[in-house]
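File shown: entry.pdb. Contents: PDB, C-alpha atoms.
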ATOM      1  CA  MET A 206       0.000   0.000   0.000
ATOM      2  CA  SER A 207       1.904   2.790  -1.150
ATOM      3  CA  SER A 208       0.125   6.037  -1.099
ATOM      4  CA  SER A 209       1.905   9.118  -1.986
ATOM      5  CA  ILE A 210       1.165  11.899   0.357
ATOM      6  CA  SER A 211       1.670  15.285  -1.100
ATOM      7  CA  PRO A 212       2.443  18.276   1.024
ATOM      8  CA  PRO A 213      -0.406  20.641   1.661
ATOM      9  CA  SER A 214      -0.760  23.146  -1.086
ATOM     10  CA  ARG A 215       0.056  26.715  -0.337
ATOM     11  CA  GLY A 216      -1.142  29.787  -2.031
ATOM     12  CA  SER A 217       1.291  31.681  -4.132
ATOM     13  CA  PRO A 218       3.585  33.930  -2.136
ATOM     14  CA  ALA A 219       2.337  37.417  -1.553
ATOM     15  CA  VAL A 220       3.708  39.942  -3.962
ATOM     16  CA  PRO A 221       5.425  42.717  -2.079
ATOM     17  CA  SER A 222       3.434  45.881  -2.351
ATOM     18  CA  ALA A 223       5.055  47.896  -5.054
ATOM     19  CA  LYS A 224       5.521  51.590  -4.600
ATOM     20  CA  PRO A 225       3.233  53.592  -6.840
ATOM     21  CA  LYS A 226       4.713  55.110 -10.010
ATOM     22  CA  ARG A 227       3.994  58.619  -8.785
ATOM     23  CA  VAL A 228       3.952  59.594  -5.143
ATOM     24  CA  TYR A 229       1.387  62.277  -4.491
ATOM     25  CA  PRO A 230       1.788  64.889  -1.770
ATOM     26  CA  HIS A 231      -0.068  64.136   1.442
ATOM     27  CA  LEU A 232      -3.802  64.788   1.254
ATOM     28  CA  ALA A 233      -3.646  67.271   4.137
ATOM     29  CA  ASP A 234      -1.034  69.297   2.249
ATOM     30  CA  LEU A 235      -3.226  69.347  -0.862
ATOM     31  CA  VAL A 236      -6.186  70.615   1.156
ATOM     32  CA  ALA A 237      -3.959  73.242   2.795
ATOM     33  CA  ARG A 238      -3.296  74.748  -0.638
ATOM     34  CA  THR A 239      -6.907  75.933  -0.728
ATOM     35  CA  GLU A 240      -6.789  77.761   2.590
ATOM     36  CA  GLY A 241      -6.498  81.498   2.677
ATOM     37  CA  LEU A 242      -9.178  82.328   0.128
ATOM     38  CA  GLN A 243     -11.033  85.416   1.330
ATOM     39  CA  PRO A 244     -14.057  87.087  -0.283
ATOM     40  CA  ASN A 245     -12.338  90.474  -0.407
ATOM     41  CA  ASN A 246      -9.282  89.209  -2.297
ATOM     42  CA  ARG A 247     -10.973  89.921  -5.649
ATOM     43  CA  ALA A 248     -12.577  93.081  -6.949
ATOM     44  CA  SER A 249     -15.928  91.525  -7.814
ATOM     45  CA  ILE A 250     -18.025  88.395  -7.763
ATOM     46  CA  GLN A 251     -17.594  88.194 -11.528
ATOM     47  CA  ALA A 252     -13.839  87.933 -11.021
ATOM     48  CA  TRP A 253     -14.373  85.092  -8.519
ATOM     49  CA  VAL A 254     -16.621  83.311 -11.031
ATOM     50  CA  GLU A 255     -13.887  83.591 -13.685
ATOM     51  CA  VAL A 256     -11.240  82.220 -11.297
ATOM     52  CA  ALA A 257     -13.537  79.318 -10.352
ATOM     53  CA  LYS A 258     -14.145  78.534 -14.039
ATOM     54  CA  ILE A 259     -10.395  78.485 -14.702
ATOM     55  CA  HIS A 260      -9.773  76.110 -11.784
ATOM     56  CA  TRP A 261     -12.627  73.859 -12.929
ATOM     57  CA  LYS A 262     -11.200  73.627 -16.453
ATOM     58  CA  GLN A 263      -7.773  72.846 -15.018
ATOM     59  CA  ALA A 264      -9.247  70.203 -12.712
ATOM     60  CA  LYS A 265     -10.898  68.427 -15.647
ATOM     61  CA  TRP A 266      -7.720  68.621 -17.735
ATOM     62  CA  HIS A 267      -5.477  67.352 -14.933
ATOM     63  CA  ARG A 268      -7.861  64.478 -14.214
ATOM     64  CA  GLU A 269      -7.872  63.417 -17.867
ATOM     65  CA  ALA A 270      -4.063  63.633 -17.900
ATOM     66  CA  GLY A 271      -3.854  61.478 -14.754
ATOM     67  CA  ILE A 272      -2.356  64.225 -12.587
ATOM     68  CA  LEU A 273      -4.659  63.514  -9.682
ATOM     69  CA  ASP A 274      -3.093  65.763  -7.068
ATOM     70  CA  SER A 275      -3.400  68.883  -9.230
ATOM     71  CA  ALA A 276      -6.886  67.843 -10.339
ATOM     72  CA  TYR A 277      -8.003  67.515  -6.724
ATOM     73  CA  VAL A 278      -6.523  70.877  -5.691
ATOM     74  CA  ASP A 279      -8.108  72.666  -8.658
ATOM     75  CA  PHE A 280     -11.453  71.018  -7.946
ATOM     76  CA  LEU A 281     -11.254  72.069  -4.293
ATOM     77  CA  LEU A 282     -10.390  75.625  -5.276
ATOM     78  CA  ALA A 283     -13.285  75.862  -7.744
ATOM     79  CA  PHE A 284     -15.708  74.217  -5.317
ATOM     80  CA  THR A 285     -14.618  76.406  -2.387
ATOM     81  CA  ILE A 286     -14.996  79.564  -4.446
ATOM     82  CA  VAL A 287     -18.482  78.600  -5.672
ATOM     83  CA  ALA A 288     -19.840  77.082  -2.450
ATOM     84  CA  ASP A 289     -18.181  79.285   0.161
ATOM     85  CA  ILE A 290     -16.375  82.400  -1.072
ATOM     86  CA  ILE A 291     -18.934  83.845  -3.490
ATOM     87  CA  PRO A 292     -21.901  83.406  -1.098
ATOM     88  CA  ARG A 293     -19.912  85.267   1.609
ATOM     89  CA  CYS A 294     -19.182  88.265  -0.644
ATOM     90  CA  SER A 295     -20.966  91.419   0.431
ATOM     91  CA  GLY A 296     -22.522  91.867  -3.011
ATOM     92  CA  PHE A 297     -23.931  88.331  -3.212
ATOM     93  CA  PRO A 298     -27.562  89.178  -2.336
ATOM     94  CA  THR A 299     -27.652  91.683  -5.207
ATOM     95  CA  PHE A 300     -25.813  89.231  -7.473
ATOM     96  CA  LYS A 301     -28.336  86.510  -6.655
ATOM     97  CA  THR A 302     -31.367  88.709  -7.333
ATOM     98  CA  SER A 303     -29.958  89.561 -10.748
ATOM     99  CA  GLY A 304     -30.741  85.986 -11.802
ATOM    100  CA  ARG A 305     -30.683  86.792 -15.510
ATOM    101  CA  SER A 306     -27.198  88.306 -15.694
ATOM    102  CA  GLN A 307     -24.546  86.406 -17.655
ATOM    103  CA  SER A 308     -22.274  86.115 -14.603
ATOM    104  CA  TYR A 309     -25.044  84.689 -12.452
ATOM    105  CA  LEU A 310     -25.995  82.148 -15.124
ATOM    106  CA  GLU A 311     -22.337  81.093 -15.415
ATOM    107  CA  PHE A 312     -22.175  80.820 -11.626
ATOM    108  CA  GLU A 313     -25.283  78.611 -11.515
ATOM    109  CA  GLN A 314     -24.048  76.389 -14.347
ATOM    110  CA  LEU A 315     -20.622  75.996 -12.728
ATOM    111  CA  SER A 316     -22.232  75.214  -9.389
ATOM    112  CA  LYS A 317     -24.347  72.457 -10.972
ATOM    113  CA  GLU A 318     -21.343  70.977 -12.812
ATOM    114  CA  LEU A 319     -19.235  70.897  -9.667
ATOM    115  CA  LYS A 320     -21.982  69.232  -7.641
ATOM    116  CA  LYS A 321     -22.539  66.673 -10.409
ATOM    117  CA  LYS A 322     -18.821  65.755 -10.528
ATOM    118  CA  GLN A 323     -18.298  65.796  -6.765
ATOM    119  CA  ASP A 324     -18.485  61.973  -6.529
ATOM    120  CA  ASP A 325     -15.778  61.627  -9.192
ATOM    121  CA  PHE A 326     -13.444  63.817  -7.168
ATOM    122  CA  ILE A 327     -14.250  61.931  -3.981
ATOM    123  CA  LYS A 328     -12.881  58.900  -5.852
ATOM    124  CA  VAL A 329      -9.789  60.939  -6.772
ATOM    125  CA  LYS A 330      -9.391  61.812  -3.101
ATOM    126  CA  LYS A 331      -9.584  58.117  -2.175
ATOM    127  CA  GLU A 332      -6.959  57.262  -4.809
ATOM    128  CA  ILE A 333      -4.627  59.921  -3.409
ATOM    129  CA  HIS A 334      -5.266  58.628   0.119
ATOM    130  CA  GLU A 335      -4.397  55.068  -0.957
ATOM    131  CA  ASN A 336      -1.298  56.372  -2.735
ATOM    132  CA  ASN A 337      -0.282  58.119   0.508
ATOM    133  CA  LYS A 338      -0.746  54.888   2.481
ATOM    134  CA  ILE A 339       1.278  52.802   0.043
ATOM    135  CA  SER A 340       4.084  55.326  -0.328
ATOM    136  CA  GLY A 341       4.163  56.230   3.362
ATOM    137  CA  VAL A 342       4.296  59.950   2.607
ATOM    138  CA  GLN A 343       3.745  62.226   5.589
ATOM    139  CA  SER A 344       2.124  65.643   5.731
ATOM    140  CA  ALA A 345       4.188  68.756   6.286
ATOM    141  CA  ALA A 346       2.647  69.088   9.765
ATOM    142  CA  GLN A 347       3.683  65.522  10.647
ATOM    143  CA  LEU A 348       7.209  66.130   9.378
ATOM    144  CA  GLU A 349       7.475  69.386  11.337
ATOM    145  CA  ALA A 350       6.245  67.701  14.518
ATOM    146  CA  GLU A 351       8.782  64.910  14.023
ATOM    147  CA  ARG A 352      11.574  67.442  13.429
ATOM    148  CA  ILE A 353      10.678  69.298  16.620
ATOM    149  CA  ARG A 354      10.426  66.045  18.585
ATOM    150  CA  VAL A 355      13.855  64.924  17.367
ATOM    151  CA  GLN A 356      15.518  68.284  18.004
ATOM    152  CA  SER A 357      14.151  68.879  21.485
ATOM    153  CA  PRO A 358      15.786  66.935  24.321
ATOM    154  CA  PRO A 359      13.644  64.705  26.543
ATOM    155  CA  ALA A 360      12.055  66.488  29.506
ATOM    156  CA  ASP A 361      14.256  64.705  32.076
ATOM    157  CA  ARG A 362      17.428  65.926  30.352
ATOM    158  CA  ILE A 363      16.496  69.586  30.133
ATOM    159  CA  SER A 364      18.971  71.627  32.114
ATOM    160  CA  SER A 365      17.492  73.928  34.709
ATOM    161  CA  ALA A 366      19.937  76.596  33.520
ATOM    162  CA  SER A 367      18.571  76.666  29.980
ATOM    163  CA  PRO A 368      17.097  80.030  28.923
ATOM    164  CA  GLU A 369      13.651  78.561  28.252
ATOM    165  CA  ASN A 370      13.379  77.280  31.803
ATOM    166  CA  ALA A 371      14.958  80.264  33.551
ATOM    167  CA  SER A 372      11.644  82.018  34.051
ATOM    168  CA  LYS A 373       9.785  78.814  34.962
ATOM    169  CA  ARG A 374      12.071  77.298  37.582
ATOM    170  CA  LYS A 375      11.765  78.013  41.267
ATOM    171  CA  PRO A 376      14.473  80.120  42.864
ATOM    172  CA  GLU A 377      17.066  78.553  45.131
ATOM    173  CA  VAL A 378      16.386  78.694  48.831
ATOM    174  CA  ARG A 379      19.236  80.533  50.573
ATOM    175  CA  ALA A 380      19.821  81.707  54.068
ATOM    176  CA  LYS A 381      19.326  85.417  54.726
ATOM    177  CA  PRO A 382      22.620  87.312  54.735
ATOM    178  CA  GLU A 383      23.696  88.114  58.265
ATOM    179  CA  TYR A 384      23.996  91.863  57.671
ATOM    180  CA  LEU A 385      20.256  91.900  56.875
ATOM    181  CA  SER A 386      19.312  89.858  59.902
ATOM    182  CA  ALA A 387      17.150  91.437  62.596
ATOM    183  CA  ARG A 388      19.296  89.763  65.249
ATOM    184  CA  LEU A 389      22.123  92.218  64.581
ATOM    185  CA  ILE A 390      19.893  95.175  65.252
ATOM    186  CA  ALA A 391      18.770  93.666  68.562
ATOM    187  CA  LYS A 392      22.423  93.111  69.607
ATOM    188  CA  ASP A 393      23.340  96.724  68.892
ATOM    189  CA  ARG A 394      20.791  98.100  71.346
TER     190      ARG A 394
END
Go ahead and express the file in the form of structure tokens.
Amino acid sequence: MSSSISPPSRGSPAVPSAKPKRVYPHLADLVARTEGLQPNNRASIQAWVEVAKIHWKQAKWHREAGILDSAYVDFLLAFTIVADIIPRCSGFPTFKTSGRSQSYLEFEQLSKELKKKQDDFIKVKKEIHENNKISGVQSAAQLEAERIRVQSPPADRISSASPENASKRKPEVRAKPEYLSARLIAKDR
């Protein structure tokens, strides 16, 4: 009775996760590029509409070209301008009541396009997030925190004579000099 026993079959070995072809900046850094937009930075709402249209066109072009980080930033800029900046402008109520003006119609059309494509750019965001995970890229804030942590000595090694701690440390306890002592005055009498 000869039976050949074969070893248990194993699955193929796991392929090491390959680094992506292009490493995108950290998602937090991409979002930070959109901060600082203020309603008063442009002369008029029409100028904001034009800037939003430019960013939207760039976002579409970058997405088609596969440059996802730039596409996402341009989409965020266009979306932020349309959904947040323009409605906060002081002239927006007047702009909105002029519903037949060319600028307002462009604004409405752009707003609808951006809302319609929002799901596509959520997918772009997820792709960038996955790229960040695979590549291990860190945000500028994380890198700065790490740099500060590495440069600063541990709390137990901080010298009490260091300039940062000079104002925080308690003064030494010393005996009162004898020439200031009240006992000397009592002896003189």
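Using only C-alpha atoms, the nearest neighbour of Ala237 in chain A within the list A:Lys265, A:Ile272, A:Ala345, A:Leu310 is A:Ala345.
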Run the PyMOL selection byres ((chain A and resi 235) around 12) against the file shown and list the residues it catches, as JSON, numbers by chain.
{"A": [229, 230, 231, 232, 233, 234, 236, 237, 238, 239, 240, 273, 274, 275, 276, 277, 278, 279, 280, 281, 282, 330, 333, 334, 337, 343, 344, 345]}
Name all residues at most 10 Å from Ile291 in chain A (count all atoms listed in the file; drop same-chain ones fewer than 2 positions away) and give them as a list in words.
Gln243, Pro244, Asn245, Ser249, Ile250, Gln251, Ala252, Trp253, Val254, Ala257, Thr285, Ile286, Val287, Ala288, Asp289, Arg293, Cys294, Ser295, Gly296, Phe297, Phe300 and Phe312 of chain A
Nearest residue to Glu269 in chain A from the set A:Asp325, A:Lys373, A:Val378, A:Gly341 (distances using all atoms listed in the file):
A:Asp325
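The two atoms in question, CA of Val342 in chain A and CA of Trp261 in chain A, are spaced 26.9 Å apart.
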